[in-house]
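Novice: What follows is a single structure, and I will ask about it in a moment.
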Amino acid sequence: MIDFIDQKPLFHPSLYIKKKTLPPKMIVSWQSGFLKVLDEFGAKELPTDKSYELWSLGEVSFARIPIGSPFVSQFIECMKERGVEELLFIGSCGVLTPVSTSLIVPDRALRDEGTSYHYIPSKDEFIPVRGCDEICQKLDELSVPYTKGSVWTTDAVFRETEKAVAIAKEKGCICVDMECSAIMAVSEYAKIKVCQLFFTADRLDGQAWQEGRIFNLKKSAYYNYLKLALNLIS
């Protein structure tokens with residue numbers, strides 16, 4: 001694999017994005033469940049290139065994007081060119097060890113995806129999660145319970161084998177996702193503020209995969225998570 005090369009890219013969104021049309025703060029998720037509650041926040045849909053969905057929530061925008069590190073890397077760089085200065089990513093994660101809360105704040109991300117290695121050098125196996133302390137402080141002020149810990153970021157959701165899970169747990173990871181380490185690498189490279197918050201979904205902390213809440217999270221939960229995200233980014 002070609003590792004990070006510190007040179008100017010041949011192709012960049014600044015070549016075709018010429019106007020800063022978005023407010024400086026944006027909430028981003030992958031979950032379609034949020035679409036059920038956007039109307040309750042007065043959301044207005046905004047035009048996009050159809051590769052993602054975008055709404056205005058007044059002084060904050062909300063985007064729903066495809067899963068995976070390659071897309072999120074392009075998305076972050078494009079949103080910066082459109083005027084976004086701060087991104088709060090909120091989405092589900094798989095649980096590797098038992099946790100007592102439905103919210104997890106990652107403090108570092110294990111790099112098991114390919115995208116991050118094109119944005120920062122590969123010398124470090126873990127990437128610190130930017131914005132972790134700020135998110136924790138705000139959650140404490142709101143008296144919202146959470147668990148803080150490391151996340152394993154993988155490209156291959158269907159290759160989360162028993163051995164792979166065991167290795168991630170040995171390295172101290174309590175949950176798994178598909179974007180966090182890439183988000184942190186890209187944001188460091190692009191010099192844009194980001195933070196990450198997970199809500200628990202499926203479980204990989206037993207002898208076999210457990211569905212957990214991944215397919216049956218209630219509309220009220222999405223409403224509360226979006227309301228919390230707006231409080232955190234305001």
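Naming scheme: A, B, ... for chains in displayed order of the structure tokens; residues 1 onward per chain; ligands 1 onward as shown.
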Can you build me a table of stretch 176-208 of chain A residues sitting at most 12 Å from stretch 110-115 of chain A, with the closest atom pair per residue and its distance in Å to one decimal, using only C-alpha atoms, sorted by chain and residue number, as a Markdown table?

Specialist:
```
| residue | atom | partner | partner_atom | distance |
| --- | --- | --- | --- | --- |
| A:Val176 | CA | A:Leu110 | CA | 9.2 |
| A:Asp177 | CA | A:Leu110 | CA | 10.0 |
| A:Met178 | CA | A:Glu113 | CA | 7.7 |
| A:Glu179 | CA | A:Glu113 | CA | 8.2 |
| A:Cys180 | CA | A:Leu110 | CA | 8.7 |
| A:Ser181 | CA | A:Arg111 | CA | 5.7 |
| A:Ala182 | CA | A:Thr115 | CA | 5.9 |
| A:Ile183 | CA | A:Thr115 | CA | 9.2 |
| A:Met184 | CA | A:Arg111 | CA | 10.3 |
| A:Ala185 | CA | A:Thr115 | CA | 8.4 |
| A:Val186 | CA | A:Thr115 | CA | 8.5 |
```

Novice: Extract, using only C-alpha atoms, all DNA, RNA and protein residues at most 7 Å from A:Ser56, discarding same-chain residues fewer than 4 positions from it, and format them as a ChimeraX atom specification.

Specialist: /A:43-46,60-62

Novice: Would you export the selected residues with N, CA, C and O atoms as a PDB file, in the first residue's frame, please?

Specialist:
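Result went into part_22.pdb, see below:
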```
ATOM      1  N   ALA A  43     -36.640  20.967   9.910  1.00  0.00           N
ATOM      2  CA  ALA A  43     -35.602  20.805   8.896  1.00  0.00           C
ATOM      3  C   ALA A  43     -36.112  21.144   7.500  1.00  0.00           C
ATOM      4  O   ALA A  43     -37.257  20.870   7.147  1.00  0.00           O
ATOM      5  N   LYS A  44     -35.234  21.744   6.703  1.00  0.00           N
ATOM      6  CA  LYS A  44     -35.514  22.050   5.304  1.00  0.00           C
ATOM      7  C   LYS A  44     -34.449  21.388   4.442  1.00  0.00           C
ATOM      8  O   LYS A  44     -33.258  21.628   4.620  1.00  0.00           O
ATOM      9  N   GLU A  45     -34.899  20.553   3.492  1.00  0.00           N
ATOM     10  CA  GLU A  45     -33.945  19.826   2.662  1.00  0.00           C
ATOM     11  C   GLU A  45     -33.195  20.775   1.731  1.00  0.00           C
ATOM     12  O   GLU A  45     -33.780  21.700   1.157  1.00  0.00           O
ATOM     13  N   LEU A  46     -31.908  20.538   1.574  1.00  0.00           N
ATOM     14  CA  LEU A  46     -31.045  21.354   0.728  1.00  0.00           C
ATOM     15  C   LEU A  46     -30.576  20.536  -0.470  1.00  0.00           C
ATOM     16  O   LEU A  46     -30.464  19.311  -0.389  1.00  0.00           O
ATOM     17  N   VAL A  60     -27.453  25.336  12.067  1.00  0.00           N
ATOM     18  CA  VAL A  60     -26.720  24.070  11.964  1.00  0.00           C
ATOM     19  C   VAL A  60     -27.311  23.275  10.808  1.00  0.00           C
ATOM     20  O   VAL A  60     -28.527  23.315  10.573  1.00  0.00           O
ATOM     21  N   SER A  61     -26.487  22.549  10.069  1.00  0.00           N
ATOM     22  CA  SER A  61     -26.999  21.660   9.033  1.00  0.00           C
ATOM     23  C   SER A  61     -26.861  20.210   9.488  1.00  0.00           C
ATOM     24  O   SER A  61     -26.087  19.894  10.396  1.00  0.00           O
ATOM     25  N   PHE A  62     -27.640  19.337   8.854  1.00  0.00           N
ATOM     26  CA  PHE A  62     -27.598  17.906   9.155  1.00  0.00           C
ATOM     27  C   PHE A  62     -27.412  17.147   7.853  1.00  0.00           C
ATOM     28  O   PHE A  62     -28.107  17.397   6.870  1.00  0.00           O
TER      29      PHE A  62
END
```

Novice: May I ask for the distance between atom CA of A:Ser234 and atom CA of A:Pro47, given in Å to one decimal place?

Specialist: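 According to the coordinates, atom CA of A:Ser234 and atom CA of A:Pro47 are separated by 23.6 Å.
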
Novice: List the spatial neighbours of stretch 142-156 of chain A as number ranges by chain - criterion: any atom at most 10 Å away, only C-alpha atoms, same-chain residues fewer than 6 positions off excluded.

Specialist: A: 67-70, 93-96, 99-115, 126-129, 132-133, 136, 165, 167-169, 171-182, 197-199, 228, 231-232

Novice: Which residues are close to A:Glu134, i.e. within 10 Å by only C-alpha atoms, leaving aside same-chain residues fewer than 5 positions away? Reply as a list in words.

Specialist: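 Listing them by chain and then by number gives Leu139, Asp140, Cys195 and Leu232 of chain A.
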
Novice: Please write the residues from the selection above to a file, keeping N, CA and C atoms, as a PDB file, in the first residue's frame.

Specialist:
```pdb
ATOM      1  N   LEU A 139     -21.280  16.503  28.100  1.00  0.00           N
ATOM      2  CA  LEU A 139     -22.180  15.454  28.569  1.00  0.00           C
ATOM      3  C   LEU A 139     -22.276  15.464  30.095  1.00  0.00           C
ATOM      4  N   ASP A 140     -21.141  15.708  30.746  1.00  0.00           N
ATOM      5  CA  ASP A 140     -21.147  15.820  32.208  1.00  0.00           C
ATOM      6  C   ASP A 140     -22.023  16.985  32.664  1.00  0.00           C
ATOM      7  N   CYS A 195     -15.749  16.024  16.107  1.00  0.00           N
ATOM      8  CA  CYS A 195     -15.921  15.226  17.307  1.00  0.00           C
ATOM      9  C   CYS A 195     -16.834  14.057  16.959  1.00  0.00           C
ATOM     10  N   LEU A 232     -24.857  19.607  21.895  1.00  0.00           N
ATOM     11  CA  LEU A 232     -23.401  19.437  21.958  1.00  0.00           C
ATOM     12  C   LEU A 232     -22.672  20.343  20.988  1.00  0.00           C
TER      13      LEU A 232
END
```

Novice: Identify, with DSSP run on backbone atoms, the residues in stretch 16-117 of chain A assigned to strand (DSSP E), and express the list as a ChimeraX atom specification.

Specialist: /A:25-29,44-46,53-56,60-64,86-95,103-112

Novice: Leaving out A:Glu86 and any residue of its chain fewer than 2 positions from it, which residues lie within 12 Å of it when counting only C-alpha atoms, given as number ranges by chain?

Specialist: A: 22-28, 60-62, 76-77, 79-80, 82-84, 88-89, 130-131, 187, 190-196, 232-234

Novice: Using N, CA and C atoms, can you write the selected residues to a file as a tab-separated table (two decimals), in the first residue's frame?

Specialist:
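Just written: out_20.tsv:
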```
chain	number	residue	atom	x	y	z
A	22	LEU	N	-22.70	26.85	3.18
A	22	LEU	CA	-23.26	26.19	4.35
A	22	LEU	C	-22.85	26.90	5.64
A	23	PRO	N	-23.67	26.75	6.70
A	23	PRO	CA	-23.29	27.31	8.00
A	23	PRO	C	-22.06	26.60	8.54
A	24	PRO	N	-21.36	27.19	9.49
A	24	PRO	CA	-20.10	26.62	9.95
A	24	PRO	C	-20.21	25.33	10.75
A	25	LYS	N	-21.40	24.99	11.24
A	25	LYS	CA	-21.54	23.79	12.07
A	25	LYS	C	-22.47	22.77	11.41
A	26	MET	N	-22.07	21.48	11.49
A	26	MET	CA	-22.84	20.43	10.84
A	26	MET	C	-22.85	19.17	11.70
A	27	ILE	N	-24.02	18.52	11.78
A	27	ILE	CA	-24.16	17.20	12.39
A	27	ILE	C	-24.23	16.18	11.26
A	28	VAL	N	-23.51	15.08	11.40
A	28	VAL	CA	-23.43	14.07	10.35
A	28	VAL	C	-23.75	12.70	10.93
A	60	VAL	N	-27.45	25.34	12.07
A	60	VAL	CA	-26.72	24.07	11.96
A	60	VAL	C	-27.31	23.28	10.81
A	61	SER	N	-26.49	22.55	10.07
A	61	SER	CA	-27.00	21.66	9.03
A	61	SER	C	-26.86	20.21	9.49
A	62	PHE	N	-27.64	19.34	8.85
A	62	PHE	CA	-27.60	17.91	9.15
A	62	PHE	C	-27.41	17.15	7.85
A	76	ILE	N	-15.66	15.17	4.14
A	76	ILE	CA	-15.06	16.18	5.03
A	76	ILE	C	-14.37	17.27	4.23
A	77	GLU	N	-13.59	16.88	3.24
A	77	GLU	CA	-12.86	17.88	2.45
A	77	GLU	C	-13.82	18.76	1.65
A	79	MET	N	-17.03	19.44	2.44
A	79	MET	CA	-17.78	20.31	3.34
A	79	MET	C	-16.94	21.49	3.82
A	80	LYS	N	-15.65	21.28	3.99
A	80	LYS	CA	-14.78	22.40	4.35
A	80	LYS	C	-14.81	23.47	3.27
A	82	ARG	N	-17.22	24.09	1.36
A	82	ARG	CA	-18.56	24.70	1.34
A	82	ARG	C	-18.82	25.57	2.56
A	83	GLY	N	-17.82	25.71	3.42
A	83	GLY	CA	-17.95	26.63	4.54
A	83	GLY	C	-18.09	26.01	5.91
A	84	VAL	N	-18.10	24.69	6.01
A	84	VAL	CA	-18.24	24.02	7.31
A	84	VAL	C	-16.91	24.07	8.06
A	88	LEU	N	-19.89	17.33	13.86
A	88	LEU	CA	-20.17	16.36	14.92
A	88	LEU	C	-20.73	15.10	14.26
A	89	PHE	N	-20.00	14.00	14.35
A	89	PHE	CA	-20.44	12.73	13.80
A	89	PHE	C	-21.13	11.92	14.89
A	130	ARG	N	-10.09	13.45	18.34
A	130	ARG	CA	-10.16	14.89	18.61
A	130	ARG	C	-11.56	15.24	19.10
A	131	GLY	N	-11.63	16.17	20.04
A	131	GLY	CA	-12.91	16.61	20.57
A	131	GLY	C	-13.46	15.74	21.68
A	187	SER	N	-9.46	14.94	9.27
A	187	SER	CA	-9.67	16.24	9.92
A	187	SER	C	-8.36	16.86	10.38
A	190	ALA	N	-6.83	18.12	7.12
A	190	ALA	CA	-7.58	19.25	6.55
A	190	ALA	C	-7.74	20.42	7.51
A	191	LYS	N	-7.33	20.21	8.76
A	191	LYS	CA	-7.41	21.27	9.78
A	191	LYS	C	-8.86	21.75	9.94
A	192	ILE	N	-9.72	20.82	10.25
A	192	ILE	CA	-11.12	21.13	10.50
A	192	ILE	C	-11.52	20.47	11.81
A	193	LYS	N	-12.35	21.13	12.59
A	193	LYS	CA	-12.75	20.63	13.91
A	193	LYS	C	-13.77	19.50	13.77
A	194	VAL	N	-13.54	18.40	14.48
A	194	VAL	CA	-14.49	17.29	14.47
A	194	VAL	C	-14.64	16.72	15.87
A	195	CYS	N	-15.75	16.02	16.11
A	195	CYS	CA	-15.92	15.23	17.31
A	195	CYS	C	-16.83	14.06	16.96
A	196	GLN	N	-16.81	13.02	17.80
A	196	GLN	CA	-17.52	11.78	17.48
A	196	GLN	C	-18.27	11.28	18.70
A	232	LEU	N	-24.86	19.61	21.90
A	232	LEU	CA	-23.40	19.44	21.96
A	232	LEU	C	-22.67	20.34	20.99
A	233	ILE	N	-23.28	20.64	19.84
A	233	ILE	CA	-22.58	21.42	18.82
A	233	ILE	C	-22.90	22.90	18.91
A	234	SER	N	-23.89	23.29	19.71
A	234	SER	CA	-24.30	24.69	19.80
A	234	SER	C	-23.28	25.52	20.57
```

Novice: Interatomic distance between atom CA of A:Ser116 and atom CA of A:Arg64?

Specialist: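 Calculated distance between atom CA of A:Ser116 and atom CA of A:Arg64 is 21.1 Å.
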
Novice: Tell me which of A:Pro98, A:Pro13, A:Leu204, A:Gln31 sits closest to A:Pro66, counting only C-alpha atoms.

Specialist: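 Among the listed residues, A:Gln31 lies closest to A:Pro66.
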
Novice: For A:Leu217, which of A:Lys138, A:Lys36, A:Lys163, A:Lys123 is the closest residue, counting only C-alpha atoms?

Specialist: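 Checking each candidate against A:Leu217, we get A:Lys36 as the closest.
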
Novice: Do a neighbour search on A:Ser220 at 10 Å with only C-alpha atoms, toss out local chain neighbours closer than 5 positions, and write the hits as a list in words.

Specialist: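 My reading of the contact set: Gly33, Phe34, Lys36, Val37, Tyr225 and Leu226 of chain A.
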
Novice: Hey, can you check how far atom CA of A:Leu87 sits from atom CA of A:Asn216?

Specialist: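 Going from atom CA of A:Leu87 over to atom CA of A:Asn216, I get 26.7 Å.
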
Novice: Mind the document's chain letters and residue numbers, and return as a count of residues only the residues of stretch 22-210 of chain A that DSSP labels alpha helix (DSSP H).

Specialist: 43

Novice: Go through A:Asp39, A:Asp205, A:Glu141, A:Glu85 one by one, measure the shortest atom-to-atom distance of each to A:Lys20 using only C-alpha atoms, and give the residue with the smallest value.

Specialist: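 Of the candidates, the smallest distance to A:Lys20 is held by A:Glu85.
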
Novice: Compare A:His118, A:Lys227, A:Lys50, A:Lys18 by their minimum atom-to-atom distance to A:Ile90, counting only C-alpha atoms, and give me the closest one.

Specialist: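 Counting only C-alpha atoms, the residue closest to A:Ile90 is A:Lys227.
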